[in-house]
$ cat my_file-v6.pdb   # PDB, C-alpha atoms
MODEL        1
ATOM      1  CA  MET A   7      -6.919  30.055 -15.398
ATOM      2  CA  SER A   8      -5.063  26.746 -15.175
ATOM      3  CA  GLN A   9      -5.460  24.449 -18.154
ATOM      4  CA  HIS A  10      -5.946  21.596 -15.675
ATOM      5  CA  THR A  11      -9.060  23.098 -14.030
ATOM      6  CA  ASN A  12     -11.404  20.594 -15.644
ATOM      7  CA  ALA A  13      -9.132  17.573 -15.199
ATOM      8  CA  PRO A  14     -10.610  14.677 -13.191
ATOM      9  CA  LYS A  15      -9.757  14.845  -9.507
ATOM     10  CA  PRO A  16      -8.639  11.814  -7.462
ATOM     11  CA  PRO A  17     -11.185  10.276  -5.077
ATOM     12  CA  THR A  18     -11.130  11.621  -1.526
ATOM     13  CA  VAL A  19     -10.771   9.751   1.739
ATOM     14  CA  GLN A  20     -14.422  10.554   2.397
ATOM     15  CA  ALA A  21     -15.232   8.086  -0.393
ATOM     16  CA  PHE A  22     -13.805   5.342   1.823
ATOM     17  CA  ARG A  23     -16.328   6.044   4.586
ATOM     18  CA  GLN A  24     -19.127   6.293   2.051
ATOM     19  CA  ALA A  25     -18.170   2.933   0.573
ATOM     20  CA  LYS A  26     -18.372   1.270   3.989
ATOM     21  CA  ALA A  27     -21.765   2.847   4.668
ATOM     22  CA  LYS A  28     -23.032   1.513   1.341
ATOM     23  CA  GLY A  29     -21.475  -1.920   1.815
ATOM     24  CA  GLN A  30     -19.236  -1.441  -1.223
ATOM     25  CA  LYS A  31     -15.910  -3.277  -1.079
ATOM     26  CA  LEU A  32     -12.756  -1.222  -1.631
ATOM     27  CA  SER A  33      -9.855  -2.407  -3.798
ATOM     28  CA  VAL A  34      -6.371  -1.070  -3.083
ATOM     29  CA  VAL A  35      -3.192  -1.944  -4.966
ATOM     30  CA  THR A  36       0.377  -1.342  -3.823
ATOM     31  CA  CYS A  37       2.700  -0.086  -6.558
ATOM     32  CA  TYR A  38       5.959   1.810  -6.754
ATOM     33  CA  ASP A  39       6.616   3.327 -10.183
ATOM     34  CA  ALA A  40       5.145   5.447 -12.943
ATOM     35  CA  TRP A  41       4.625   2.768 -15.613
ATOM     36  CA  SER A  42       2.495   0.533 -13.390
ATOM     37  CA  ALA A  43       0.721   3.546 -11.886
ATOM     38  CA  LYS A  44      -0.241   4.682 -15.382
ATOM     39  CA  THR A  45      -1.922   1.342 -16.036
ATOM     40  CA  LEU A  46      -3.671   1.390 -12.664
ATOM     41  CA  ASN A  47      -4.767   4.971 -13.268
ATOM     42  CA  ALA A  48      -7.006   3.661 -16.060
ATOM     43  CA  SER A  49      -8.424   0.874 -13.858
ATOM     44  CA  ASP A  50     -11.339   0.872 -11.414
ATOM     45  CA  VAL A  51      -9.072   0.334  -8.391
ATOM     46  CA  ASP A  52     -10.130   2.649  -5.555
ATOM     47  CA  ALA A  53      -6.710   3.682  -4.265
ATOM     48  CA  LEU A  54      -2.983   3.135  -4.658
ATOM     49  CA  LEU A  55      -0.567   2.544  -1.800
ATOM     50  CA  VAL A  56       3.130   3.284  -2.141
ATOM     51  CA  GLY A  57       4.237   0.773   0.463
ATOM     52  CA  ASP A  58       7.539   0.509   2.253
ATOM     53  CA  SER A  59       7.580  -3.030   0.851
ATOM     54  CA  VAL A  60       9.301  -1.290  -2.053
ATOM     55  CA  ALA A  61      12.521  -1.929  -0.124
ATOM     56  CA  MET A  62      11.935  -5.658  -0.606
ATOM     57  CA  VAL A  63      10.169  -5.843  -3.977
ATOM     58  CA  LEU A  64      12.256  -3.369  -5.983
ATOM     59  CA  HIS A  65      15.440  -2.963  -3.949
ATOM     60  CA  GLY A  66      16.003  -6.565  -2.872
ATOM     61  CA  HIS A  67      16.180  -6.083   0.893
ATOM     62  CA  PRO A  68      14.987  -8.898   3.187
ATOM     63  CA  ASN A  69      12.461  -6.688   4.997
ATOM     64  CA  THR A  70      11.003  -3.182   4.999
ATOM     65  CA  LEU A  71      13.438  -1.695   7.509
ATOM     66  CA  ALA A  72      15.739  -0.438   4.751
ATOM     67  CA  ALA A  73      13.096   1.979   3.435
ATOM     68  CA  THR A  74      13.804   5.645   4.148
ATOM     69  CA  SER A  75      11.707   8.768   3.810
ATOM     70  CA  GLU A  76      13.780   9.776   0.803
ATOM     71  CA  MET A  77      13.210   6.387  -0.856
ATOM     72  CA  MET A  78       9.481   6.617  -0.156
ATOM     73  CA  ALA A  79       9.302  10.172  -1.521
ATOM     74  CA  LEU A  80      11.088   9.143  -4.721
ATOM     75  CA  HIS A  81       8.625   6.309  -5.414
ATOM     76  CA  THR A  82       5.613   8.333  -4.265
ATOM     77  CA  ALA A  83       6.474  11.054  -6.766
ATOM     78  CA  ALA A  84       6.808   8.488  -9.555
ATOM     79  CA  VAL A  85       3.406   6.945  -8.783
ATOM     80  CA  ALA A  86       1.812  10.384  -8.476
ATOM     81  CA  ARG A  87       3.008  11.292 -11.966
ATOM     82  CA  GLY A  88       1.656   8.039 -13.372
ATOM     83  CA  ALA A  89      -1.707   8.045 -11.601
ATOM     84  CA  PRO A  90      -3.025  11.583 -11.161
ATOM     85  CA  HIS A  91      -6.644  10.381 -10.905
ATOM     86  CA  LYS A  92      -6.199   7.924  -8.029
ATOM     87  CA  LEU A  93      -6.214   8.393  -4.272
ATOM     88  CA  LEU A  94      -2.551   7.955  -3.345
ATOM     89  CA  ILE A  95      -1.458   6.780   0.098
ATOM     90  CA  GLY A  96       2.207   6.907   1.091
ATOM     91  CA  ASP A  97       3.849   4.731   3.740
ATOM     92  CA  MET A  98       5.819   6.393   6.513
ATOM     93  CA  PRO A  99       8.898   4.159   6.835
ATOM     94  CA  PHE A 100      10.686   2.606   9.793
ATOM     95  CA  LEU A 101      11.392   5.050  12.656
ATOM     96  CA  SER A 102      10.347   8.082  10.603
ATOM     97  CA  PHE A 103       7.487   8.732  13.051
ATOM     98  CA  ARG A 104       9.355   7.594  16.191
ATOM     99  CA  LYS A 105      12.030  10.293  16.463
ATOM    100  CA  GLY A 106       9.807  12.973  17.917
ATOM    101  CA  LEU A 107       7.063  15.134  16.511
ATOM    102  CA  GLY A 108       9.343  17.506  14.581
ATOM    103  CA  PRO A 109      11.170  14.874  12.516
ATOM    104  CA  ALA A 110       7.913  12.978  12.000
ATOM    105  CA  MET A 111       6.234  16.041  10.539
ATOM    106  CA  GLU A 112       9.248  16.681   8.299
ATOM    107  CA  SER A 113       8.989  13.141   6.941
ATOM    108  CA  ALA A 114       5.254  13.592   6.430
ATOM    109  CA  GLU A 115       5.858  16.859   4.597
ATOM    110  CA  LEU A 116       8.377  15.160   2.307
ATOM    111  CA  LEU A 117       5.848  12.481   1.285
ATOM    112  CA  MET A 118       2.936  14.873   0.902
ATOM    113  CA  ARG A 119       4.983  17.266  -1.253
ATOM    114  CA  ALA A 120       5.975  14.244  -3.363
ATOM    115  CA  GLY A 121       2.306  13.749  -4.238
ATOM    116  CA  ALA A 122       0.686  11.625  -1.526
ATOM    117  CA  HIS A 123      -2.911  12.457  -0.588
ATOM    118  CA  ALA A 124      -2.757  10.479   2.670
ATOM    119  CA  LEU A 125      -0.196   8.706   4.823
ATOM    120  CA  LYS A 126      -0.115   5.257   6.428
ATOM    121  CA  LEU A 127       1.795   4.361   9.564
ATOM    122  CA  GLU A 128       2.060   1.214  11.648
ATOM    123  CA  GLY A 129       0.796   0.790  15.206
ATOM    124  CA  VAL A 130      -0.215   3.501  17.637
ATOM    125  CA  ASP A 131       1.480   3.137  21.021
ATOM    126  CA  GLY A 132       4.281   5.643  21.459
ATOM    127  CA  HIS A 133       3.313   7.899  18.568
ATOM    128  CA  GLU A 134      -0.276   8.928  19.287
ATOM    129  CA  ASP A 135       0.920  12.528  19.221
ATOM    130  CA  VAL A 136       2.128  12.075  15.634
ATOM    131  CA  VAL A 137      -1.177  10.622  14.447
ATOM    132  CA  ASP A 138      -3.039  13.418  16.226
ATOM    133  CA  ALA A 139      -0.788  16.125  14.774
ATOM    134  CA  LEU A 140      -1.061  14.757  11.243
ATOM    135  CA  VAL A 141      -4.848  14.586  11.374
ATOM    136  CA  LYS A 142      -5.120  18.054  12.882
ATOM    137  CA  SER A 143      -2.779  19.337  10.154
ATOM    138  CA  GLY A 144      -5.248  18.176   7.524
ATOM    139  CA  ILE A 145      -3.318  15.065   6.494
ATOM    140  CA  PRO A 146      -5.537  11.980   6.199
ATOM    141  CA  VAL A 147      -4.029   9.037   8.081
ATOM    142  CA  MET A 148      -4.490   5.317   7.485
ATOM    143  CA  GLY A 149      -3.665   3.079  10.439
ATOM    144  CA  HIS A 150      -2.110  -0.389  10.322
ATOM    145  CA  VAL A 151      -2.509  -3.102  12.966
ATOM    146  CA  GLY A 152      -2.024  -6.846  13.269
ATOM    147  CA  LEU A 153       1.229  -7.895  11.642
ATOM    148  CA  THR A 154       3.248  -4.694  11.437
ATOM    149  CA  PRO A 155       6.324  -5.535   9.312
ATOM    150  CA  GLN A 156       8.422  -2.720  10.756
ATOM    151  CA  SER A 157       8.208  -4.572  14.106
ATOM    152  CA  LEU A 158       9.097  -8.001  12.692
ATOM    153  CA  HIS A 159      12.000  -8.495  15.091
ATOM    154  CA  GLY A 160       9.825  -7.770  18.109
ATOM    155  CA  LEU A 161       7.069  -9.999  16.742
ATOM    156  CA  GLY A 162       9.430 -12.873  16.029
ATOM    157  CA  GLY A 163       9.097 -12.674  12.256
ATOM    158  CA  PHE A 164       6.257 -12.548   9.758
ATOM    159  CA  ARG A 165       3.597 -14.366  11.800
ATOM    160  CA  VAL A 166      -0.183 -14.292  12.063
ATOM    161  CA  GLN A 167      -1.196 -12.008  14.946
ATOM    162  CA  GLY A 168      -4.167 -12.014  17.309
ATOM    163  CA  LYS A 169      -4.581 -15.778  17.565
ATOM    164  CA  ASP A 170      -5.555 -15.814  21.262
ATOM    165  CA  ASP A 171      -8.089 -13.730  23.160
ATOM    166  CA  ALA A 172      -5.540 -11.431  24.791
ATOM    167  CA  ALA A 173      -3.712 -10.717  21.541
ATOM    168  CA  ALA A 174      -6.994 -10.147  19.704
ATOM    169  CA  ALA A 175      -8.163  -7.719  22.403
ATOM    170  CA  GLU A 176      -4.897  -5.794  22.111
ATOM    171  CA  ILE A 177      -5.267  -5.425  18.345
ATOM    172  CA  LEU A 178      -8.857  -4.268  18.805
ATOM    173  CA  ARG A 179      -7.703  -1.700  21.376
ATOM    174  CA  GLN A 180      -5.104  -0.323  18.976
ATOM    175  CA  ALA A 181      -7.606  -0.129  16.123
ATOM    176  CA  LYS A 182     -10.189   1.664  18.266
ATOM    177  CA  ARG A 183      -7.571   4.144  19.431
ATOM    178  CA  LEU A 184      -6.549   4.898  15.843
ATOM    179  CA  GLU A 185     -10.190   5.488  15.004
ATOM    180  CA  GLU A 186     -10.511   7.852  17.976
ATOM    181  CA  LEU A 187      -7.451   9.773  16.792
ATOM    182  CA  GLY A 188      -9.111  10.408  13.442
ATOM    183  CA  CYS A 189      -7.757   7.776  11.034
ATOM    184  CA  PHE A 190      -9.937   7.413   7.945
ATOM    185  CA  SER A 191      -9.160   3.719   7.465
ATOM    186  CA  ILE A 192      -7.109   0.883   8.951
ATOM    187  CA  VAL A 193      -5.109  -1.899   7.328
ATOM    188  CA  LEU A 194      -5.515  -5.277   9.049
ATOM    189  CA  GLU A 195      -2.617  -7.555   8.229
ATOM    190  CA  CYS A 196      -2.340 -11.285   8.883
ATOM    191  CA  VAL A 197      -4.997 -11.817  11.532
ATOM    192  CA  PRO A 198      -7.513 -14.676  11.803
ATOM    193  CA  THR A 199     -10.680 -14.332   9.745
ATOM    194  CA  ALA A 200     -12.865 -14.114  12.851
ATOM    195  CA  LEU A 201     -10.806 -11.209  14.208
ATOM    196  CA  GLY A 202     -10.940  -9.430  10.860
ATOM    197  CA  GLU A 203     -14.714  -9.708  10.924
ATOM    198  CA  ARG A 204     -14.876  -8.540  14.556
ATOM    199  CA  LEU A 205     -12.714  -5.494  13.872
ATOM    200  CA  THR A 206     -14.682  -4.585  10.767
ATOM    201  CA  SER A 207     -17.925  -4.672  12.741
ATOM    202  CA  ALA A 208     -16.474  -2.751  15.685
ATOM    203  CA  LEU A 209     -15.070   0.151  13.656
ATOM    204  CA  SER A 210     -16.997   2.875  11.867
ATOM    205  CA  ILE A 211     -14.058   3.415   9.498
ATOM    206  CA  PRO A 212     -13.192   0.961   6.699
ATOM    207  CA  THR A 213     -10.868  -1.955   7.271
ATOM    208  CA  ILE A 214      -8.544  -2.917   4.427
ATOM    209  CA  GLY A 215      -7.393  -6.482   4.773
ATOM    210  CA  ILE A 216      -4.288  -8.315   3.691
ATOM    211  CA  GLY A 217      -4.431 -11.828   5.045
ATOM    212  CA  ALA A 218      -7.348 -10.821   7.288
ATOM    213  CA  GLY A 219     -10.191 -12.745   5.655
ATOM    214  CA  PRO A 220     -13.118 -11.862   3.401
ATOM    215  CA  HIS A 221     -15.149  -9.798   5.874
ATOM    216  CA  CYS A 222     -12.976  -6.659   5.728
ATOM    217  CA  ASP A 223     -14.356  -3.596   3.961
ATOM    218  CA  GLY A 224     -11.667  -3.903   1.312
ATOM    219  CA  GLN A 225      -8.472  -5.672   0.337
ATOM    220  CA  VAL A 226      -4.945  -4.634  -0.612
ATOM    221  CA  LEU A 227      -2.308  -6.604  -2.519
ATOM    222  CA  VAL A 228       1.068  -5.688  -3.960
ATOM    223  CA  LEU A 229       0.772  -5.421  -7.741
ATOM    224  CA  HIS A 230       3.750  -7.720  -8.252
ATOM    225  CA  ASP A 231       2.107 -10.395  -6.097
ATOM    226  CA  LEU A 232      -1.294 -10.344  -7.785
ATOM    227  CA  LEU A 233       0.409 -10.410 -11.195
ATOM    228  CA  GLY A 234       2.503 -13.439 -10.262
ATOM    229  CA  VAL A 235       5.839 -11.720 -10.826
ATOM    230  CA  ASP A 236       7.765 -13.935  -8.373
ATOM    231  CA  SER A 237       6.653 -17.566  -8.141
ATOM    232  CA  SER A 238       8.933 -18.148  -5.131
ATOM    233  CA  PHE A 239       6.872 -15.755  -3.000
ATOM    234  CA  ARG A 240       3.682 -17.610  -2.126
ATOM    235  CA  PRO A 241       2.178 -16.475   1.184
ATOM    236  CA  ARG A 242      -1.257 -17.875   1.954
ATOM    237  CA  PHE A 243      -3.040 -14.527   1.476
ATOM    238  CA  VAL A 244      -1.809 -13.905  -2.081
ATOM    239  CA  ARG A 245      -3.830 -14.988  -5.094
ATOM    240  CA  ARG A 246      -1.950 -14.868  -8.392
ATOM    241  CA  PHE A 247      -4.393 -13.299 -10.842
ATOM    242  CA  ALA A 248      -1.875 -13.680 -13.689
ATOM    243  CA  ASP A 249       1.360 -15.479 -14.544
ATOM    244  CA  PHE A 250       3.476 -12.436 -15.296
ATOM    245  CA  GLU A 251       6.708 -14.289 -14.498
ATOM    246  CA  GLY A 252       5.966 -17.026 -17.035
ATOM    247  CA  GLY A 253       4.883 -14.527 -19.675
ATOM    248  CA  LEU A 254       7.986 -12.420 -19.072
ATOM    249  CA  ARG A 255      10.305 -15.391 -19.419
ATOM    250  CA  GLU A 256       8.614 -16.451 -22.648
ATOM    251  CA  ALA A 257       8.720 -12.923 -24.081
ATOM    252  CA  VAL A 258      12.438 -12.558 -23.332
ATOM    253  CA  ALA A 259      13.177 -16.012 -24.739
ATOM    254  CA  THR A 260      11.272 -15.165 -27.929
ATOM    255  CA  TYR A 261      13.161 -11.864 -28.196
ATOM    256  CA  SER A 262      16.515 -13.605 -27.753
ATOM    257  CA  ARG A 263      15.678 -16.177 -30.440
ATOM    258  CA  ALA A 264      14.628 -13.425 -32.842
ATOM    259  CA  VAL A 265      17.902 -11.560 -32.282
ATOM    260  CA  ARG A 266      19.999 -14.682 -32.776
ATOM    261  CA  ASP A 267      18.208 -15.880 -35.898
ATOM    262  CA  GLY A 268      18.320 -12.401 -37.425
ATOM    263  CA  SER A 269      14.531 -11.930 -37.664
ATOM    264  CA  PHE A 270      14.682  -8.922 -35.339
ATOM    265  CA  PRO A 271      14.807  -6.165 -36.342
ATOM    266  CA  ASN A 272      13.129  -6.518 -39.709
ATOM    267  CA  ALA A 273      12.893  -3.891 -42.439
ATOM    268  CA  GLU A 274       9.826  -2.228 -40.918
ATOM    269  CA  GLU A 275      11.643  -1.936 -37.593
ATOM    270  CA  SER A 276      14.701  -0.311 -39.179
ATOM    271  CA  TYR A 277      15.375   3.150 -40.619
ATOM    272  CA  ALA A 278      16.058   3.700 -44.312
TER
ENDMDL
END

$ encode --input "my_file-v6.pdb" --output "structure tokens"
Amino acid sequence: MSQHTNAPKPPTVQAFRQAKAKGQKLSVVTCYDAWSAKTLNASDVDALLVGDSVAMVLHGHPNTLAATSEMMALHTAAVARGAPHKLLIGDMPFLSFRKGLGPAMESAELLMRAGAHALKLEGVDGHEDVVDALVKSGIPVMGHVGLTPQSLHGLGGFRVQGKDDAAAAEILRQAKRLEELGCFSIVLECVPTALGERLTSALSIPTIGIGAGPHCDGQVLVLHDLLGVDSSFRPRFVRRFADFEGGLREAVATYSRAVRDGSFPNAEESYA
């Protein structure tokens, strides 16, 4: 018998539906590596998302389009090793689910074998067959509507979506269709508060907001943003829950001073 039989198991996607039914808010954090995942594994966060924003946050690209399935699998595997007790959702990157059903399923397989428990993909039009096939294959799917960063060029940049009645109705249509196809949850990104509330009421599955107001069933933020890692990145929807950047600068400055004045390493930090 496996020595891991009695190890705690990660929460299931069914817990998301149960949380909505009970009126319990869901907290989701986006992270990309094992060290941060290990810390989050010991937290009360409900789920971890390995987002394609990794292309921007860790690799320095201007948008998410540079993310590939191989990049996402690499970071998904790292997070899975660091957080074995958390529900882990992997992002399907740009065009990975738009090249036909076969390639889409190969990309999905790559992420699931890397350790994801569920997959997230943006939009619905043009790849309904992929969402349907994933769900029917037993892969939980999280939808994503509103601002979909992989479509930033078509949307004219990173802009709030659904500001007029027609645009709001279109986002609602997409969300309802994703629900019909079997998604267990939907991310709502950068939509007006009133639309976030309307979508949350209209759907039986949980809404996870990012810039979608306080009425969503849960919220998601990138770990680096909530920690205040980069003070130059200050979108309206981000609250800095810490000043990691300031603390990091001070720690490095203190280290450098200790090296230069000879106080580091001391005798206890050296080998006889």

$ atom_distance --input "my_file-v6.pdb" --atom1 "atom CA of Val51 of chain A" --atom2 "atom CA of Leu194 of chain A"
18.7 Å

$ resolve_selection --input "my_file-v6.pdb" --expression "the PyMOL selection byres ((chain A and resi 210-226) around 8)" --output "ChimeraX atom specification"
/A:22-23,26,29-36,185,189-203,205-209,227-228,242-244

$ atom_distance --input "my_file-v6.pdb" --atom1 "atom CA of Glu256 of chain A" --atom2 "atom CA of Ser269 of chain A"
16.8 Å

$ atom_distance --input "my_file-v6.pdb" --atom1 "atom CA of Ser75 of chain A" --atom2 "atom CA of Ala61 of chain A"
11.4 Å

$ resolve_selection --input "my_file-v6.pdb" --expression "the PyMOL selection byres ((chain A and resi 173) around 12)" --output "JSON, numbers by chain"
{"A": [151, 152, 153, 161, 166, 167, 168, 169, 170, 171, 172, 174, 175, 176, 177, 178, 179, 180, 197, 198, 201]}

$ residues_around --input "my_file-v6.pdb" --residues "Lys126 of chain A" --least-positions-apart "6" --cutoff "6 Å" --atoms "all atoms listed in the file" --output "list in words"
Asp97, Val147, Met148 and Gly149 of chain A

$ closest_residue --input "my_file-v6.pdb" --among "A:Ala89, A:Leu80, A:Ala72, A:Ala27" --to "Thr45 of chain A" --atoms "all atoms listed in the file"
A:Ala89
